[in-house]
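Okay, work27.pdb now, which holds PDB, C-alpha atoms:
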ATOM      1  CA  VAL A  23      64.772  89.705 105.370  1.00  0.00           C
ATOM      2  CA  ASN A  24      64.870  93.442 104.778  1.00  0.00           C
ATOM      3  CA  TRP A  25      68.467  94.516 105.379  1.00  0.00           C
ATOM      4  CA  ASP A  26      69.340  98.001 106.627  1.00  0.00           C
ATOM      5  CA  SER A  27      72.228  98.130 104.110  1.00  0.00           C
ATOM      6  CA  GLN A  28      72.310  96.570 100.651  1.00  0.00           C
ATOM      7  CA  GLU A  29      75.987  97.202  99.875  1.00  0.00           C
ATOM      8  CA  VAL A  30      78.534  94.449 100.287  1.00  0.00           C
ATOM      9  CA  ASN A  31      82.202  95.316  99.789  1.00  0.00           C
ATOM     10  CA  THR A  32      84.327  92.169  99.615  1.00  0.00           C
ATOM     11  CA  VAL A  33      87.497  93.918  98.365  1.00  0.00           C
ATOM     12  CA  GLU A  34      88.806  94.997 101.785  1.00  0.00           C
ATOM     13  CA  LEU A  35      89.575  92.588 104.613  1.00  0.00           C
ATOM     14  CA  ALA A  36      87.011  93.142 107.323  1.00  0.00           C
ATOM     15  CA  THR A  37      84.287  91.785 109.544  1.00  0.00           C
ATOM     16  CA  ILE A  38      80.982  93.386 108.624  1.00  0.00           C
ATOM     17  CA  MET A  39      77.719  93.069 110.533  1.00  0.00           C
ATOM     18  CA  TYR A  40      74.428  93.624 108.785  1.00  0.00           C
ATOM     19  CA  LYS A  41      71.140  94.135 110.619  1.00  0.00           C
ATOM     20  CA  GLY A  42      67.752  93.425 109.180  1.00  0.00           C
ATOM     21  CA  LYS A  43      64.102  92.857 109.970  1.00  0.00           C
ATOM     22  CA  VAL A  44      61.813  89.957 109.171  1.00  0.00           C
ATOM     23  CA  ASP A  45      58.125  90.587 108.589  1.00  0.00           C
ATOM     24  CA  GLY A  46      56.130  89.169 111.501  1.00  0.00           C
ATOM     25  CA  TYR A  47      59.211  88.845 113.783  1.00  0.00           C
ATOM     26  CA  ASP A  48      59.714  91.451 116.511  1.00  0.00           C
ATOM     27  CA  ARG A  49      63.526  91.261 116.829  1.00  0.00           C
ATOM     28  CA  ALA A  50      66.308  92.381 114.521  1.00  0.00           C
ATOM     29  CA  VAL A  51      68.359  89.708 112.787  1.00  0.00           C
ATOM     30  CA  THR A  52      72.105  89.968 112.290  1.00  0.00           C
ATOM     31  CA  LEU A  53      74.363  88.643 109.560  1.00  0.00           C
ATOM     32  CA  THR A  54      78.122  88.662 110.127  1.00  0.00           C
ATOM     33  CA  VAL A  55      80.336  88.525 107.025  1.00  0.00           C
ATOM     34  CA  VAL A  56      84.070  87.934 107.465  1.00  0.00           C
ATOM     35  CA  ILE A  57      86.229  88.907 104.462  1.00  0.00           C
ATOM     36  CA  LEU A  58      89.521  86.977 104.614  1.00  0.00           C
ATOM     37  CA  LYS A  59      92.664  87.267 102.538  1.00  0.00           C
ATOM     38  CA  TYR A  60      92.698  84.774  99.669  1.00  0.00           C
ATOM     39  CA  ASP A  61      95.853  82.727  99.335  1.00  0.00           C
ATOM     40  CA  PRO A  62      96.022  80.751  96.105  1.00  0.00           C
ATOM     41  CA  LYS A  63      96.305  77.003  96.505  1.00  0.00           C
ATOM     42  CA  LEU A  64      98.792  76.040  93.813  1.00  0.00           C
ATOM     43  CA  SER A  65     101.016  73.012  93.358  1.00  0.00           C
ATOM     44  CA  PHE A  66     104.111  73.170  91.165  1.00  0.00           C
ATOM     45  CA  ASN A  67     106.081  70.535  89.306  1.00  0.00           C
ATOM     46  CA  THR A  68     109.340  71.868  87.891  1.00  0.00           C
ATOM     47  CA  TYR A  69     111.902  69.396  86.591  1.00  0.00           C
ATOM     48  CA  SER A  70     114.699  68.881  84.089  1.00  0.00           C
ATOM     49  CA  ASN A  71     113.588  67.057  80.933  1.00  0.00           C
ATOM     50  CA  VAL A  72     117.026  65.612  80.184  1.00  0.00           C
ATOM     51  CA  THR A  73     120.012  65.903  82.509  1.00  0.00           C
ATOM     52  CA  ILE A  74     123.491  64.760  81.501  1.00  0.00           C
ATOM     53  CA  ASN A  75     126.324  65.170  84.021  1.00  0.00           C
ATOM     54  CA  GLY A  76     124.357  67.829  85.926  1.00  0.00           C
ATOM     55  CA  LEU A  77     123.533  69.837  82.788  1.00  0.00           C
ATOM     56  CA  SER A  78     119.853  70.190  81.870  1.00  0.00           C
ATOM     57  CA  LYS A  79     118.929  70.469  78.203  1.00  0.00           C
ATOM     58  CA  GLY A  80     115.412  71.635  79.062  1.00  0.00           C
ATOM     59  CA  ILE A  81     112.908  72.064  81.843  1.00  0.00           C
ATOM     60  CA  ALA A  82     109.203  71.361  82.200  1.00  0.00           C
ATOM     61  CA  MET A  83     106.991  73.500  84.401  1.00  0.00           C
ATOM     62  CA  SER A  84     103.428  72.871  85.467  1.00  0.00           C
ATOM     63  CA  ILE A  85     101.046  74.598  87.842  1.00  0.00           C
ATOM     64  CA  ASN A  86      97.904  73.018  89.265  1.00  0.00           C
ATOM     65  CA  ASN A  87      95.324  75.480  90.578  1.00  0.00           C
ATOM     66  CA  LEU A  88      93.729  73.675  93.518  1.00  0.00           C
ATOM     67  CA  GLY A  89      92.033  76.835  94.775  1.00  0.00           C
ATOM     68  CA  SER A  90      88.603  78.345  94.258  1.00  0.00           C
ATOM     69  CA  LYS A  91      89.710  81.420  92.278  1.00  0.00           C
ATOM     70  CA  ASP A  92      91.397  81.878  88.928  1.00  0.00           C
ATOM     71  CA  VAL A  93      95.044  82.935  88.855  1.00  0.00           C
ATOM     72  CA  LYS A  94      97.040  84.733  86.179  1.00  0.00           C
ATOM     73  CA  ILE A  95     100.735  84.296  85.438  1.00  0.00           C
ATOM     74  CA  ASN A  96     102.523  87.656  85.485  1.00  0.00           C
ATOM     75  CA  LYS A  97     106.128  86.498  85.079  1.00  0.00           C
ATOM     76  CA  ILE A  98     108.407  83.462  85.343  1.00  0.00           C
ATOM     77  CA  GLU A  99     112.081  83.716  86.295  1.00  0.00           C
ATOM     78  CA  ILE A 100     114.485  80.817  85.799  1.00  0.00           C
ATOM     79  CA  TYR A 101     117.575  80.688  88.013  1.00  0.00           C
ATOM     80  CA  GLU A 102     120.695  78.645  87.233  1.00  0.00           C
ATOM     81  CA  SER A 103     122.913  77.907  90.239  1.00  0.00           C
ATOM     82  CA  GLY A 104     121.222  80.757  92.122  1.00  0.00           C
ATOM     83  CA  MET A 105     121.723  83.344  89.337  1.00  0.00           C
ATOM     84  CA  LEU A 106     118.998  84.712  87.062  1.00  0.00           C
ATOM     85  CA  PHE A 107     119.196  82.745  83.804  1.00  0.00           C
ATOM     86  CA  ASN A 108     116.049  83.758  81.913  1.00  0.00           C
ATOM     87  CA  THR A 109     112.838  85.752  82.394  1.00  0.00           C
ATOM     88  CA  LEU A 110     109.545  85.088  80.699  1.00  0.00           C
ATOM     89  CA  THR A 111     107.216  88.074  80.929  1.00  0.00           C
ATOM     90  CA  ALA A 112     103.464  87.929  80.459  1.00  0.00           C
ATOM     91  CA  GLU A 113     103.895  89.751  77.153  1.00  0.00           C
ATOM     92  CA  GLN A 114     106.471  87.214  75.894  1.00  0.00           C
ATOM     93  CA  LEU A 115     104.218  84.313  76.862  1.00  0.00           C
ATOM     94  CA  LEU A 116     101.204  85.886  75.155  1.00  0.00           C
ATOM     95  CA  ASN A 117     103.272  86.626  72.021  1.00  0.00           C
ATOM     96  CA  SER A 118     104.099  82.904  71.928  1.00  0.00           C
ATOM     97  CA  ASN A 119     100.368  82.069  72.161  1.00  0.00           C
ATOM     98  CA  ILE A 120     100.732  80.784  75.714  1.00  0.00           C
ATOM     99  CA  LEU A 121      97.711  81.575  77.866  1.00  0.00           C
ATOM    100  CA  LEU A 122      98.274  83.261  81.219  1.00  0.00           C
ATOM    101  CA  ASP A 123      95.059  82.364  83.051  1.00  0.00           C
ATOM    102  CA  ILE A 124      94.719  79.214  85.126  1.00  0.00           C
ATOM    103  CA  THR A 125      91.107  78.695  86.082  1.00  0.00           C
ATOM    104  CA  ALA A 126      90.179  77.162  89.420  1.00  0.00           C
ATOM    105  CA  GLY A 127      90.602  73.397  89.295  1.00  0.00           C
ATOM    106  CA  SER A 128      92.702  73.355  86.127  1.00  0.00           C
ATOM    107  CA  SER A 129      96.381  73.009  85.181  1.00  0.00           C
ATOM    108  CA  TRP A 130      98.904  74.924  83.086  1.00  0.00           C
ATOM    109  CA  GLY A 131     102.225  73.752  81.690  1.00  0.00           C
ATOM    110  CA  ILE A 132     105.158  74.659  79.461  1.00  0.00           C
ATOM    111  CA  SER A 133     108.480  73.106  78.426  1.00  0.00           C
ATOM    112  CA  LEU A 134     111.631  74.999  77.480  1.00  0.00           C
ATOM    113  CA  ASN A 135     114.723  73.673  75.720  1.00  0.00           C
ATOM    114  CA  PHE A 136     118.177  75.192  76.129  1.00  0.00           C
ATOM    115  CA  LYS A 137     120.701  75.139  73.296  1.00  0.00           C
ATOM    116  CA  LEU A 138     123.734  75.050  75.585  1.00  0.00           C
ATOM    117  CA  GLY A 139     122.039  73.672  78.671  1.00  0.00           C
ATOM    118  CA  MET A 140     121.664  74.871  82.240  1.00  0.00           C
ATOM    119  CA  TRP A 141     123.331  73.539  85.398  1.00  0.00           C
ATOM    120  CA  VAL A 142     120.773  71.840  87.649  1.00  0.00           C
ATOM    121  CA  ASN A 143     122.550  72.281  90.992  1.00  0.00           C
ATOM    122  CA  ASN A 144     120.772  75.002  93.056  1.00  0.00           C
ATOM    123  CA  SER A 145     118.536  75.880  90.098  1.00  0.00           C
ATOM    124  CA  TYR A 146     114.934  76.913  90.532  1.00  0.00           C
ATOM    125  CA  VAL A 147     112.006  78.766  89.000  1.00  0.00           C
ATOM    126  CA  LYS A 148     110.161  81.710  90.521  1.00  0.00           C
ATOM    127  CA  TYR A 149     106.529  82.033  89.512  1.00  0.00           C
ATOM    128  CA  TYR A 150     104.793  85.394  89.880  1.00  0.00           C
ATOM    129  CA  VAL A 151     101.022  84.977  89.779  1.00  0.00           C
ATOM    130  CA  GLU A 152      98.080  87.231  90.490  1.00  0.00           C
ATOM    131  CA  ALA A 153      94.876  86.258  92.261  1.00  0.00           C
ATOM    132  CA  ASN A 154      92.158  88.509  93.633  1.00  0.00           C
ATOM    133  CA  ASN A 155      94.146  91.638  92.628  1.00  0.00           C
ATOM    134  CA  THR A 156      97.201  90.555  94.657  1.00  0.00           C
ATOM    135  CA  GLU A 157     100.550  89.312  93.302  1.00  0.00           C
ATOM    136  CA  TYR A 158     102.132  86.225  94.847  1.00  0.00           C
ATOM    137  CA  GLU A 159     105.603  84.757  94.415  1.00  0.00           C
ATOM    138  CA  PHE A 160     106.330  81.033  94.530  1.00  0.00           C
ATOM    139  CA  THR A 161     109.659  79.232  94.181  1.00  0.00           C
ATOM    140  CA  ASP A 162     110.055  75.656  92.990  1.00  0.00           C
ATOM    141  CA  TYR A 163     113.455  73.927  92.774  1.00  0.00           C
ATOM    142  CA  LEU A 164     114.314  71.640  89.878  1.00  0.00           C
ATOM    143  CA  ASP A 165     113.867  67.975  90.718  1.00  0.00           C
TER
END
For this file, produce the structure as structure tokens.
Amino acid sequence: VNWDSQEVNTVELATIMYKGKVDGYDRAVTLTVVILKYDPKLSFNTYSNVTINGLSKGIAMSINNLGSKDVKINKIEIYESGMLFNTLTAEQLLNSNILLDITAGSSWGISLNFKLGMWVNNSYVKYYVEANNTEYEFTDYLD
């Protein structure tokens, strides 16, 4: 097929129609390309490692990338009883030799220990990840 246009822009959401000609065929052929928004398919497992009387001494966090594109962790926020308790930036994670990229089909995990503990009731983690040049926010409550 000899296409009228050779450029394909998959960055912007759109429906694009390409027309072309086939040698020995007297009609034009059409290709329709639909560019859809990519939503990462991630599963989270966030839980307290050790809980005594509602006080967690540490939490474990894991992310499974079930999607077809790689994702990158931009930031993690830990909330205790609905209030911001700790923030882990991409720079802090990298400085601790913790990789930020989660390739398609793979998993990522980290455990944190708290000297004084953290109350489990209404506590959660917000994950800020980037995929396909878009940032996404996910929240997972402690189990």
**OP:** Find the residues around A:Tyr158 up to 9 Å (only C-alpha atoms counted), leave out those fewer than 4 positions away in its own chain, and share them as an MDAnalysis selection string.
**Re:** chainID A and resid 61:62 149:153
Just write the chosen residues, C-alpha atoms, as a short mmCIF file (atom, residue, chain, number, x, y, z; two decimals), keeping the file's coordinate frame.
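Result written to selection_38.cif:
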data_model
loop_
_atom_site.label_atom_id
_atom_site.label_comp_id
_atom_site.auth_asym_id
_atom_site.auth_seq_id
_atom_site.Cartn_x
_atom_site.Cartn_y
_atom_site.Cartn_z
CA ASP A 61 95.85 82.73 99.34
CA PRO A 62 96.02 80.75 96.10
CA TYR A 149 106.53 82.03 89.51
CA TYR A 150 104.79 85.39 89.88
CA VAL A 151 101.02 84.98 89.78
CA GLU A 152 98.08 87.23 90.49
CA ALA A 153 94.88 86.26 92.26
#
Subject >> Expected selection from the PyMOL selection byres ((chain A and resi 80) around 8), given as a list in words >> reply: Ser70, Asn71, Val72, Ser78, Lys79, Ile81, Ala82, Ser133, Leu134, Asn135, Phe136, Gly139 and Met140 of chain A
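With atom CA of A:Lys137 on one side and atom CA of A:Asp162 on the other, the separation reads 22.4 Å.
The gap separating atom CA of A:Leu64 from atom CA of A:Leu35 is 21.8 Å, in Å to one decimal.
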Near stretch 41-50 of chain A, within 10 Å and counting all atoms listed in the file, which residues show up once chain neighbours fewer than 2 positions away are dropped, as a compact mmCIF listing (two decimals) with C-alpha atoms, keeping the file's coordinate frame?
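Here's the written file out-v8.txt:
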# COMPACT_ATOMS: atom_id res chain seq x y z
CA VAL A 23 64.77 89.70 105.37
CA ASN A 24 64.87 93.44 104.78
CA TRP A 25 68.47 94.52 105.38
CA ASP A 26 69.34 98.00 106.63
CA SER A 27 72.23 98.13 104.11
CA MET A 39 77.72 93.07 110.53
CA THR A 52 72.10 89.97 112.29
CA LEU A 53 74.36 88.64 109.56
CA THR A 54 78.12 88.66 110.13
Original post:
So which residues touch A:Leu110 within 12 Å, counting all atoms listed in the file, skipping near sequence neighbours fewer than 6 positions away, as a PyMOL selection string?
Top reply: chain A and resi 95-101+116-118+120+122+132+134+147-150
Original post:
Between atom CA of A:Val55 and atom CA of A:Ala36, what is the distance, to one decimal in Å?
Top reply: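 Distance reported for this atom pair: 8.1 Å.
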Please return the centre and edge lengths, in Å to one decimal, of a box with edges along x, y and z that contains all listed atoms of stretch 76-95 of chain A, widened by 6 Å on every side, as JSON.
{"center_x": 106.5, "center_y": 76.3, "center_z": 86.5, "size_x": 47.8, "size_y": 28.9, "size_z": 28.6}
**OP:** Just say which residues the PyMOL selection byres ((chain A and resi 87) around 7) picks in this file, as a list in words.
**Re:**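 Checked against the file, the PyMOL selection byres ((chain A and resi 87) around 7) matches Lys63, Leu64, Ser65, Ile85, Asn86, Leu88, Gly89, Ile124, Thr125, Ala126, Gly127, Ser128 and Ser129 of chain A.
Under the PyMOL selection byres ((chain A and resi 58) around 9), the matching residues in the shown file are Thr32, Glu34, Leu35, Ala36, Thr37, Val56, Ile57, Lys59 and Tyr60 of chain A.
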Original post:
From the list A:Asn155, A:Phe160, A:Asp165, A:Ser145, which residue is nearest A:Val33 when using all atoms listed in the file?
Top reply: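 Closest to A:Val33 of all the choices is A:Asn155.
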**OP:** Counting all atoms listed in the file, figure out which residue out of A:Ser103, A:Asn67, A:Ile74, A:Met83 gets nearest to A:Gly131.
**Re:**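 Result for the nearest residue to A:Gly131: A:Met83.
Among the candidates A:Glu113, A:Glu102, A:Glu159, A:Asp123, the residue lying nearest to A:Tyr146 is A:Glu102 (atoms considered: all atoms listed in the file).
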Subject >> Distance criterion (only C-alpha atoms): nearest to A:Trp130 out of A:Thr73, A:Asn143, A:Thr68, A:Gln114 >> reply: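 Closest candidate: A:Thr68.
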Since the input is missing atoms, can you rebuild all heavy atoms for stretch 99-110 of chain A and write them as a PDB file, keeping the file's coordinate frame?
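Generated file (selection-v3.pdb):
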ATOM      1  N   GLU A  99     110.631  83.530  86.304  1.00  0.00           N
ATOM      2  CA  GLU A  99     112.081  83.716  86.295  1.00  0.00           C
ATOM      3  C   GLU A  99     112.746  82.364  86.509  1.00  0.00           C
ATOM      4  O   GLU A  99     112.363  81.625  87.408  1.00  0.00           O
ATOM      5  CB  GLU A  99     112.526  84.680  87.393  1.00  0.00           C
ATOM      6  CG  GLU A  99     112.053  86.097  87.190  1.00  0.00           C
ATOM      7  CD  GLU A  99     112.465  87.025  88.317  1.00  0.00           C
ATOM      8  OE1 GLU A  99     112.761  86.545  89.432  1.00  0.00           O
ATOM      9  OE2 GLU A  99     112.470  88.235  88.083  1.00  0.00           O
ATOM     10  N   ILE A 100     113.745  82.072  85.694  1.00  0.00           N
ATOM     11  CA  ILE A 100     114.485  80.817  85.799  1.00  0.00           C
ATOM     12  C   ILE A 100     115.875  81.151  86.327  1.00  0.00           C
ATOM     13  O   ILE A 100     116.566  82.022  85.779  1.00  0.00           O
ATOM     14  CB  ILE A 100     114.571  80.115  84.431  1.00  0.00           C
ATOM     15  CG1 ILE A 100     113.149  79.854  83.911  1.00  0.00           C
ATOM     16  CG2 ILE A 100     115.383  78.835  84.526  1.00  0.00           C
ATOM     17  CD1 ILE A 100     113.083  79.466  82.463  1.00  0.00           C
ATOM     18  N   TYR A 101     116.275  80.464  87.384  1.00  0.00           N
ATOM     19  CA  TYR A 101     117.575  80.688  88.013  1.00  0.00           C
ATOM     20  C   TYR A 101     118.458  79.464  87.830  1.00  0.00           C
ATOM     21  O   TYR A 101     118.043  78.338  88.099  1.00  0.00           O
ATOM     22  CB  TYR A 101     117.404  80.992  89.505  1.00  0.00           C
ATOM     23  CG  TYR A 101     116.812  82.349  89.759  1.00  0.00           C
ATOM     24  CD1 TYR A 101     115.442  82.559  89.652  1.00  0.00           C
ATOM     25  CD2 TYR A 101     117.626  83.428  90.080  1.00  0.00           C
ATOM     26  CE1 TYR A 101     114.893  83.810  89.864  1.00  0.00           C
ATOM     27  CE2 TYR A 101     117.083  84.690  90.294  1.00  0.00           C
ATOM     28  CZ  TYR A 101     115.715  84.873  90.184  1.00  0.00           C
ATOM     29  OH  TYR A 101     115.182  86.119  90.391  1.00  0.00           O
ATOM     30  N   GLU A 102     119.698  79.696  87.378  1.00  0.00           N
ATOM     31  CA  GLU A 102     120.695  78.645  87.233  1.00  0.00           C
ATOM     32  C   GLU A 102     121.750  78.848  88.315  1.00  0.00           C
ATOM     33  O   GLU A 102     122.351  79.920  88.403  1.00  0.00           O
ATOM     34  CB  GLU A 102     121.351  78.708  85.850  1.00  0.00           C
ATOM     35  CG  GLU A 102     122.476  77.705  85.694  1.00  0.00           C
ATOM     36  CD  GLU A 102     123.253  77.912  84.405  1.00  0.00           C
ATOM     37  OE1 GLU A 102     123.340  79.068  83.926  1.00  0.00           O
ATOM     38  OE2 GLU A 102     123.775  76.926  83.895  1.00  0.00           O
ATOM     39  N   SER A 103     121.928  77.843  89.150  1.00  0.00           N
ATOM     40  CA  SER A 103     122.913  77.907  90.239  1.00  0.00           C
ATOM     41  C   SER A 103     122.752  79.184  91.055  1.00  0.00           C
ATOM     42  O   SER A 103     123.732  79.821  91.441  1.00  0.00           O
ATOM     43  CB  SER A 103     124.336  77.795  89.686  1.00  0.00           C
ATOM     44  OG  SER A 103     124.484  76.585  88.968  1.00  0.00           O
ATOM     45  N   GLY A 104     121.504  79.594  91.292  1.00  0.00           N
ATOM     46  CA  GLY A 104     121.222  80.757  92.122  1.00  0.00           C
ATOM     47  C   GLY A 104     121.285  82.094  91.405  1.00  0.00           C
ATOM     48  O   GLY A 104     121.022  83.129  92.003  1.00  0.00           O
ATOM     49  N   MET A 105     121.620  82.097  90.104  1.00  0.00           N
ATOM     50  CA  MET A 105     121.723  83.344  89.337  1.00  0.00           C
ATOM     51  C   MET A 105     120.612  83.381  88.290  1.00  0.00           C
ATOM     52  O   MET A 105     120.295  82.356  87.686  1.00  0.00           O
ATOM     53  CB  MET A 105     123.085  83.434  88.632  1.00  0.00           C
ATOM     54  CG  MET A 105     124.280  83.350  89.576  1.00  0.00           C
ATOM     55  SD  MET A 105     124.647  84.898  90.379  1.00  0.00           S
ATOM     56  CE  MET A 105     125.158  85.892  89.031  1.00  0.00           C
ATOM     57  N   LEU A 106     120.061  84.569  88.050  1.00  0.00           N
ATOM     58  CA  LEU A 106     118.998  84.712  87.062  1.00  0.00           C
ATOM     59  C   LEU A 106     119.511  84.277  85.691  1.00  0.00           C
ATOM     60  O   LEU A 106     120.529  84.768  85.200  1.00  0.00           O
ATOM     61  CB  LEU A 106     118.497  86.160  87.013  1.00  0.00           C
ATOM     62  CG  LEU A 106     117.322  86.427  86.082  1.00  0.00           C
ATOM     63  CD1 LEU A 106     116.094  85.612  86.499  1.00  0.00           C
ATOM     64  CD2 LEU A 106     116.996  87.907  86.059  1.00  0.00           C
ATOM     65  N   PHE A 107     118.812  83.337  85.080  1.00  0.00           N
ATOM     66  CA  PHE A 107     119.196  82.745  83.804  1.00  0.00           C
ATOM     67  C   PHE A 107     118.302  83.244  82.672  1.00  0.00           C
ATOM     68  O   PHE A 107     118.760  83.530  81.588  1.00  0.00           O
ATOM     69  CB  PHE A 107     119.105  81.216  83.930  1.00  0.00           C
ATOM     70  CG  PHE A 107     119.440  80.436  82.694  1.00  0.00           C
ATOM     71  CD1 PHE A 107     120.758  80.269  82.304  1.00  0.00           C
ATOM     72  CD2 PHE A 107     118.442  79.852  81.935  1.00  0.00           C
ATOM     73  CE1 PHE A 107     121.080  79.535  81.170  1.00  0.00           C
ATOM     74  CE2 PHE A 107     118.743  79.117  80.799  1.00  0.00           C
ATOM     75  CZ  PHE A 107     120.067  78.957  80.414  1.00  0.00           C
ATOM     76  N   ASN A 108     116.997  83.352  82.941  1.00  0.00           N
ATOM     77  CA  ASN A 108     116.049  83.758  81.913  1.00  0.00           C
ATOM     78  C   ASN A 108     114.769  84.278  82.582  1.00  0.00           C
ATOM     79  O   ASN A 108     114.408  83.815  83.652  1.00  0.00           O
ATOM     80  CB  ASN A 108     115.717  82.583  80.995  1.00  0.00           C
ATOM     81  CG  ASN A 108     115.057  83.003  79.704  1.00  0.00           C
ATOM     82  OD1 ASN A 108     114.842  84.179  79.455  1.00  0.00           O
ATOM     83  ND2 ASN A 108     114.738  82.033  78.868  1.00  0.00           N
ATOM     84  N   THR A 109     114.115  85.219  81.922  1.00  0.00           N
ATOM     85  CA  THR A 109     112.838  85.752  82.394  1.00  0.00           C
ATOM     86  C   THR A 109     111.818  85.635  81.275  1.00  0.00           C
ATOM     87  O   THR A 109     112.111  85.970  80.125  1.00  0.00           O
ATOM     88  CB  THR A 109     112.981  87.232  82.809  1.00  0.00           C
ATOM     89  OG1 THR A 109     113.941  87.328  83.863  1.00  0.00           O
ATOM     90  CG2 THR A 109     111.658  87.798  83.295  1.00  0.00           C
ATOM     91  N   LEU A 110     110.659  85.147  81.633  1.00  0.00           N
ATOM     92  CA  LEU A 110     109.545  85.088  80.699  1.00  0.00           C
ATOM     93  C   LEU A 110     108.463  86.031  81.222  1.00  0.00           C
ATOM     94  O   LEU A 110     107.858  85.774  82.259  1.00  0.00           O
ATOM     95  CB  LEU A 110     108.999  83.664  80.600  1.00  0.00           C
ATOM     96  CG  LEU A 110     109.989  82.591  80.176  1.00  0.00           C
ATOM     97  CD1 LEU A 110     109.394  81.213  80.368  1.00  0.00           C
ATOM     98  CD2 LEU A 110     110.396  82.806  78.737  1.00  0.00           C
TER      99      LEU A 110
END
